Amino acid sequence: MTSIKEQAAISRLLSFLQEWDNAGTVARSHILNNFIETNQGKTAPELEQEFSQGASLFLVRLTTWLRLTYMTGSCLDKLLRSIGVFLSAVSSNHYLIEFLEVGGVLTLLEILALENIKEEGKKESIRLLQVIANSGRKYKELICESYGVRSIAEFLAKSKSEETQEEVQVLLDSLVHGNPKYQNQVYKGLIALLPCASPKAQQLSLQTLRTAQSIVGTTHPSIVDNVLKVLSTMHLEVQYEAIELIKDLVNYDVCPALLKGLVALLIPSFKETSKLQPKILNDSSVLQLTAHLPVFLQQAAAAKAIGILAHRNTSLAEEMLHLRVVHSLLAAMGNTDHSNSQRQASLTLKYFVQLFPVVEEHVRKSMGEELYKLFFSNAGDLYMKIDSIQADILAANKVNVTKALYLSDLSHSNVSFYFGHGNQDPVAYNTHFQKEDVEGKE
């Protein structure tokens, strides 16, 4: 037999539920405001006490109204925050199961794709998905099985709010942790985001990719091209994150392709650089446009990245010598259409000159004594001091350090002097040079 106090509590609950059932949109909005203000941060037992052990009766009303009205966006952000009070409460697993059983995950994902929904409502949807994902592995798998990665990634690319995009990053980071069944799906989704038009989305994807890469372990073949293309951005924060990821990727099996790709970017193809030719003939302001030609931005970023990699790891610098990086850096220094390319290439080349005597010898010979002294005294400002003839000399250089090393038939001791290869078999090492030279000719 229930006590008078319990009967009064049940009566209050029934009165509250009746008030909700009879209320219109405006009245329900006020009820939600009061509910959020009163119950935010409460545990599940506290919510049950507040609702006389009938909290689930109010939750089911919230989820029902959500499914009926989410396409119109009516009070959506308040409604989702109210559901969040239940799902984020301590010991709230039964509330979570009730929400998922009525298709809660699919509803939240559908909200992200609707054009007419305000950003605030979509942000709350992301936050609820975070709560679900953080509840355990099986819930992460449920989101992924509902095509969640694709929906979340597409929303990240399209969102106009940086705050919301950062919430999406938190969700994707959660989905890649402790989710072995679908971590590869999240990893591929992040790679697919790199070509998107949103700089913020690119930046966040690159940051999360570094974490995902360390978890997944193996690399996807498409990651090299996608990361190198990002280097054409004019947003320095995106370029920074791309170079940070490149620094990680050189420790994986894609290192040879990555180094080859970086060196190739130092000499843009004629097809790319000729895109502005019609404008050059007709528009006197084209000199301002060429400063932002994506291939030149990419060229400067590649030169910078090569310098960073060489400073971090001498063996990588050696590998790039085989790819004729010295020739390509000199050519980039002759690009008078983009001063930053000249500057970054010059700084990187100076490090190679200081690191390898054989490079110093060939660069000095190619430049001539006067230009070399100018270069070595202040590499960063060289682009401001050279004339068009000197720039043409740099652009048309024929330096081939790899070929010179092979033809000189260096002894093992000389190889150690130039590169510090210790006890490596000199026959095998010379064979490696020969192989690289043949590949270069091909």
# chains A, B, ... in the order shown; residues from 1 in each chain; ligands from 1

call {"tool": "closest_atom_pairs", "arguments": {"of": "segment 10-107 of chain A", "to": "segment 139-155 of chain A", "cutoff": "12 Å", "atoms": "only C-alpha atoms", "output": "tab-separated table"}}
result
residue	atom	partner	partner_atom	distance
A:Asn93	CA	A:Tyr139	CA	11.2
A:Leu96	CA	A:Tyr139	CA	9.8
A:Ile97	CA	A:Tyr139	CA	9.9
A:Leu100	CA	A:Tyr139	CA	9.4
A:Glu101	CA	A:Leu142	CA	11.5
A:Gly103	CA	A:Ser146	CA	10.2
A:Gly104	CA	A:Ile143	CA	10.2
A:Val105	CA	A:Ile143	CA	6.6
A:Leu106	CA	A:Ser146	CA	6.7
A:Thr107	CA	A:Ser146	CA	10.4

call {"tool": "residues_around", "arguments": {"residues": "segment 297-306 of chain A", "least_positions_apart": "6", "cutoff": "7 Å", "atoms": "only C-alpha atoms", "output": "PyMOL selection string"}}
result
chain A and resi 231-234+243+262+265-266+340-341+344-345+348

call {"tool": "atom_distance", "arguments": {"atom1": "atom CA of Gln53 of chain A", "atom2": "atom CA of Ser74 of chain A"}}
result
28.6 Å

call {"tool": "residues_around", "arguments": {"residues": "Glu244 of chain A", "least_positions_apart": "5", "cutoff": "10 Å", "atoms": "only C-alpha atoms", "output": "list of chain:residue names"}}
result
A:Leu206, A:Gln207, A:Arg210, A:Val238, A:Gln239, A:Leu249, A:Ala305, A:Ile308

call {"tool": "write_last_selection", "arguments": {"atoms": "C-alpha atoms", "output": "PDB file, in the first residue's frame"}}
result
ATOM      1  CA  LEU A 206      44.521  16.059 -40.684  1.00  0.00           C
ATOM      2  CA  GLN A 207      44.810  16.304 -36.888  1.00  0.00           C
ATOM      3  CA  ARG A 210      47.514  11.432 -37.168  1.00  0.00           C
ATOM      4  CA  VAL A 238      46.143  23.561 -42.816  1.00  0.00           C
ATOM      5  CA  GLN A 239      49.627  23.394 -44.347  1.00  0.00           C
ATOM      6  CA  LEU A 249      53.873   9.023 -42.600  1.00  0.00           C
ATOM      7  CA  ALA A 305      58.459  19.943 -45.920  1.00  0.00           C
ATOM      8  CA  ILE A 308      61.912  19.705 -42.220  1.00  0.00           C
TER       9      ILE A 308
END

call {"tool": "select_by_dssp", "arguments": {"residues": "segment 17-251 of chain A", "states": "helix (DSSP H, G or I)", "output": "ChimeraX atom specification"}}
result
/A:17-22,25-39,44-50,55-69,76-87,93-101,104-113,119-133,137-145,148-158,162-176,183-193,199-216,223-230,236-249

call {"tool": "closest_residue", "arguments": {"among": "A:Asn39, A:Ser135, A:Gln354, A:Ser214", "to": "Ser92 of chain A", "atoms": "only C-alpha atoms"}}
result
A:Ser135

call {"tool": "residues_around", "arguments": {"residues": "Leu382 of chain A", "least_positions_apart": "6", "cutoff": "12 Å", "atoms": "only C-alpha atoms", "output": "ChimeraX atom specification"}}
result
/A:333-334,336,339-347,349-350,371-376,390-391,394

call {"tool": "residues_around", "arguments": {"residues": "segment 78-84 of chain A", "least_positions_apart": "3", "cutoff": "9 Å", "atoms": "only C-alpha atoms", "output": "list in words"}}
result
Ser29, Leu32, Asn33, Phe35, Ile36, Asn39, Gln40, Leu59, Leu62, Thr63, Trp65, Leu66, Ser74, Cys75, Leu87, Ser88, Ala89, Phe99, Gly121, Glu124, Ser125, Arg127, Leu128 and Val131 of chain A

call {"tool": "write_last_selection", "arguments": {"atoms": "C-alpha atoms", "output": "tab-separated table (two decimals), in the first residue's frame"}}
result
chain	number	residue	atom	x	y	z
A	29	SER	CA	9.41	24.99	-25.19
A	32	LEU	CA	11.87	21.99	-21.79
A	33	ASN	CA	13.65	25.12	-20.57
A	35	PHE	CA	13.45	20.74	-17.26
A	36	ILE	CA	16.99	21.49	-18.52
A	39	ASN	CA	17.82	18.60	-13.99
A	40	GLN	CA	21.07	19.25	-15.87
A	59	LEU	CA	11.79	10.34	-22.05
A	62	LEU	CA	10.56	13.43	-25.82
A	63	THR	CA	11.74	10.78	-28.29
A	65	TRP	CA	8.08	14.30	-30.34
A	66	LEU	CA	11.60	14.24	-31.78
A	74	SER	CA	10.74	22.95	-34.05
A	75	CYS	CA	12.47	23.48	-30.65
A	87	LEU	CA	21.56	10.01	-21.78
A	88	SER	CA	24.48	11.75	-20.08
A	89	ALA	CA	23.28	11.04	-16.53
A	99	PHE	CA	16.46	5.85	-26.95
A	121	GLY	CA	20.25	21.78	-33.62
A	124	GLU	CA	23.27	19.17	-30.27
A	125	SER	CA	22.79	16.09	-32.45
A	127	ARG	CA	26.85	16.02	-28.88
A	128	LEU	CA	24.28	13.26	-28.36
A	131	VAL	CA	27.46	10.56	-25.54

call {"tool": "atom_distance", "arguments": {"atom1": "atom CA of Ser328 of chain A", "atom2": "atom CA of Asn226 of chain A"}}
result
21.6 Å

call {"tool": "residues_around", "arguments": {"residues": "Ser161 of chain A", "least_positions_apart": "2", "cutoff": "10 Å", "atoms": "only C-alpha atoms", "output": "mmCIF file with all heavy atoms, in the first residue's frame"}}
result
data_model
loop_
_atom_site.group_PDB
_atom_site.id
_atom_site.type_symbol
_atom_site.label_atom_id
_atom_site.label_comp_id
_atom_site.auth_asym_id
_atom_site.auth_seq_id
_atom_site.Cartn_x
_atom_site.Cartn_y
_atom_site.Cartn_z
ATOM 1 N N GLU A 119 22.076 25.353 -37.365
ATOM 2 C CA GLU A 119 23.359 24.798 -36.931
ATOM 3 C C GLU A 119 23.324 24.358 -35.475
ATOM 4 O O GLU A 119 23.931 23.353 -35.103
ATOM 5 C CB GLU A 119 24.460 25.849 -37.136
ATOM 6 C CG GLU A 119 25.860 25.294 -37.061
ATOM 7 C CD GLU A 119 26.275 24.548 -38.319
ATOM 8 O OE1 GLU A 119 25.673 24.763 -39.375
ATOM 9 O OE2 GLU A 119 27.222 23.745 -38.231
ATOM 10 N N GLU A 120 22.600 25.100 -34.635
ATOM 11 C CA GLU A 120 22.548 24.773 -33.212
ATOM 12 C C GLU A 120 21.942 23.389 -32.981
ATOM 13 O O GLU A 120 22.415 22.616 -32.146
ATOM 14 C CB GLU A 120 21.744 25.835 -32.457
ATOM 15 C CG GLU A 120 21.854 25.766 -30.950
ATOM 16 C CD GLU A 120 23.277 25.982 -30.439
ATOM 17 O OE1 GLU A 120 24.039 26.731 -31.095
ATOM 18 O OE2 GLU A 120 23.626 25.383 -29.406
ATOM 19 N N LYS A 123 24.452 20.767 -33.970
ATOM 20 C CA LYS A 123 25.516 20.650 -32.965
ATOM 21 C C LYS A 123 25.057 19.798 -31.788
ATOM 22 O O LYS A 123 25.824 18.966 -31.272
ATOM 23 C CB LYS A 123 25.941 22.043 -32.490
ATOM 24 C CG LYS A 123 27.083 22.009 -31.477
ATOM 25 C CD LYS A 123 27.706 23.373 -31.288
ATOM 26 C CE LYS A 123 26.770 24.322 -30.575
ATOM 27 N NZ LYS A 123 27.416 25.620 -30.270
ATOM 28 N N LEU A 156 30.793 17.449 -41.466
ATOM 29 C CA LEU A 156 32.001 18.196 -41.134
ATOM 30 C C LEU A 156 32.445 19.047 -42.322
ATOM 31 O O LEU A 156 32.849 20.207 -42.159
ATOM 32 C CB LEU A 156 33.116 17.232 -40.725
ATOM 33 C CG LEU A 156 34.508 17.832 -40.472
ATOM 34 C CD1 LEU A 156 34.445 18.915 -39.391
ATOM 35 C CD2 LEU A 156 35.499 16.758 -40.080
ATOM 36 N N LYS A 158 30.611 20.266 -44.724
ATOM 37 C CA LYS A 158 29.633 21.286 -45.120
ATOM 38 C C LYS A 158 29.352 22.327 -44.031
ATOM 39 O O LYS A 158 28.848 23.412 -44.327
ATOM 40 C CB LYS A 158 28.307 20.611 -45.514
ATOM 41 C CG LYS A 158 28.402 19.755 -46.769
ATOM 42 C CD LYS A 158 27.071 19.065 -47.050
ATOM 43 C CE LYS A 158 27.150 18.172 -48.288
ATOM 44 N NZ LYS A 158 25.875 17.451 -48.509
ATOM 45 N N SER A 159 29.647 22.000 -42.793
ATOM 46 C CA SER A 159 29.307 22.896 -41.683
ATOM 47 C C SER A 159 30.010 24.243 -41.822
ATOM 48 O O SER A 159 31.175 24.318 -42.216
ATOM 49 C CB SER A 159 29.679 22.253 -40.353
ATOM 50 O OG SER A 159 29.457 23.144 -39.285
ATOM 51 N N GLU A 163 32.943 25.993 -34.352
ATOM 52 C CA GLU A 163 32.665 25.359 -33.053
ATOM 53 C C GLU A 163 32.011 23.995 -33.259
ATOM 54 O O GLU A 163 32.366 23.013 -32.603
ATOM 55 C CB GLU A 163 31.759 26.266 -32.222
ATOM 56 C CG GLU A 163 31.505 25.735 -30.819
ATOM 57 C CD GLU A 163 30.583 26.640 -30.012
ATOM 58 O OE1 GLU A 163 30.346 27.785 -30.439
ATOM 59 O OE2 GLU A 163 30.100 26.188 -28.949
ATOM 60 N N THR A 164 31.054 23.941 -34.189
ATOM 61 C CA THR A 164 30.387 22.667 -34.481
ATOM 62 C C THR A 164 31.367 21.682 -35.100
ATOM 63 O O THR A 164 31.362 20.482 -34.771
ATOM 64 C CB THR A 164 29.203 22.897 -35.441
ATOM 65 O OG1 THR A 164 28.304 23.855 -34.864
ATOM 66 C CG2 THR A 164 28.452 21.604 -35.695
ATOM 67 N N GLN A 165 32.221 22.163 -36.002
ATOM 68 C CA GLN A 165 33.210 21.286 -36.633
ATOM 69 C C GLN A 165 34.151 20.676 -35.604
ATOM 70 O O GLN A 165 34.552 19.519 -35.724
ATOM 71 C CB GLN A 165 33.995 22.069 -37.687
ATOM 72 C CG GLN A 165 33.175 22.397 -38.942
ATOM 73 C CD GLN A 165 33.947 23.247 -39.932
ATOM 74 O OE1 GLN A 165 34.530 24.264 -39.558
ATOM 75 N NE2 GLN A 165 33.962 22.843 -41.189
ATOM 76 N N GLU A 166 34.490 21.443 -34.577
ATOM 77 C CA GLU A 166 35.352 20.915 -33.520
ATOM 78 C C GLU A 166 34.646 19.829 -32.707
ATOM 79 O O GLU A 166 35.268 18.862 -32.255
ATOM 80 C CB GLU A 166 35.826 22.050 -32.612
ATOM 81 C CG GLU A 166 36.866 22.950 -33.295
ATOM 82 C CD GLU A 166 37.156 24.222 -32.528
ATOM 83 O OE1 GLU A 166 36.531 24.423 -31.464
ATOM 84 O OE2 GLU A 166 38.013 25.016 -32.977
ATOM 85 N N LYS A 200 38.827 24.556 -42.355
ATOM 86 C CA LYS A 200 38.722 24.076 -40.981
ATOM 87 C C LYS A 200 38.521 22.565 -40.949
ATOM 88 O O LYS A 200 39.126 21.866 -40.130
ATOM 89 C CB LYS A 200 37.568 24.776 -40.259
ATOM 90 C CG LYS A 200 37.465 24.446 -38.769
ATOM 91 C CD LYS A 200 38.673 24.966 -37.998
ATOM 92 C CE LYS A 200 38.533 24.741 -36.506
ATOM 93 N NZ LYS A 200 39.689 25.246 -35.746
#

call {"tool": "atom_distance", "arguments": {"atom1": "atom CA of Ala396 of chain A", "atom2": "atom CA of Ala379 of chain A"}}
result
19.1 Å

call {"tool": "closest_residue", "arguments": {"among": "A:Leu258, A:Lys5, A:Gly380, A:Lys188", "to": "Leu323 of chain A", "atoms": "only C-alpha atoms"}}
result
A:Leu258

call {"tool": "residues_around", "arguments": {"residues": "Gly73 of chain A", "least_positions_apart": "2", "cutoff": "8 Å", "atoms": "only C-alpha atoms", "output": "list of chain:residue names"}}
result
A:Thr69, A:Tyr70, A:Met71, A:Cys75, A:Leu76, A:Asn116, A:Ile117, A:Lys118, A:Gly121

call {"tool": "write_last_selection", "arguments": {"atoms": "C-alpha atoms", "output": "PDB file, in the first residue's frame"}}
result
ATOM      1  CA  THR A  69       9.067  17.078 -35.569  1.00  0.00           C
ATOM      2  CA  TYR A  70      12.809  16.791 -36.311  1.00  0.00           C
ATOM      3  CA  MET A  71      12.304  17.527 -40.015  1.00  0.00           C
ATOM      4  CA  CYS A  75      12.471  23.479 -30.652  1.00  0.00           C
ATOM      5  CA  LEU A  76      15.021  20.954 -31.864  1.00  0.00           C
ATOM      6  CA  ASN A 116      16.538  23.432 -43.180  1.00  0.00           C
ATOM      7  CA  ILE A 117      17.819  22.577 -39.691  1.00  0.00           C
ATOM      8  CA  LYS A 118      19.728  25.332 -37.886  1.00  0.00           C
ATOM      9  CA  GLY A 121      20.248  21.780 -33.619  1.00  0.00           C
TER      10      GLY A 121
END

call {"tool": "closest_residue", "arguments": {"among": "A:Leu129, A:Ile215, A:Leu259, A:Ala395", "to": "Met320 of chain A", "atoms": "only C-alpha atoms"}}
result
A:Leu259
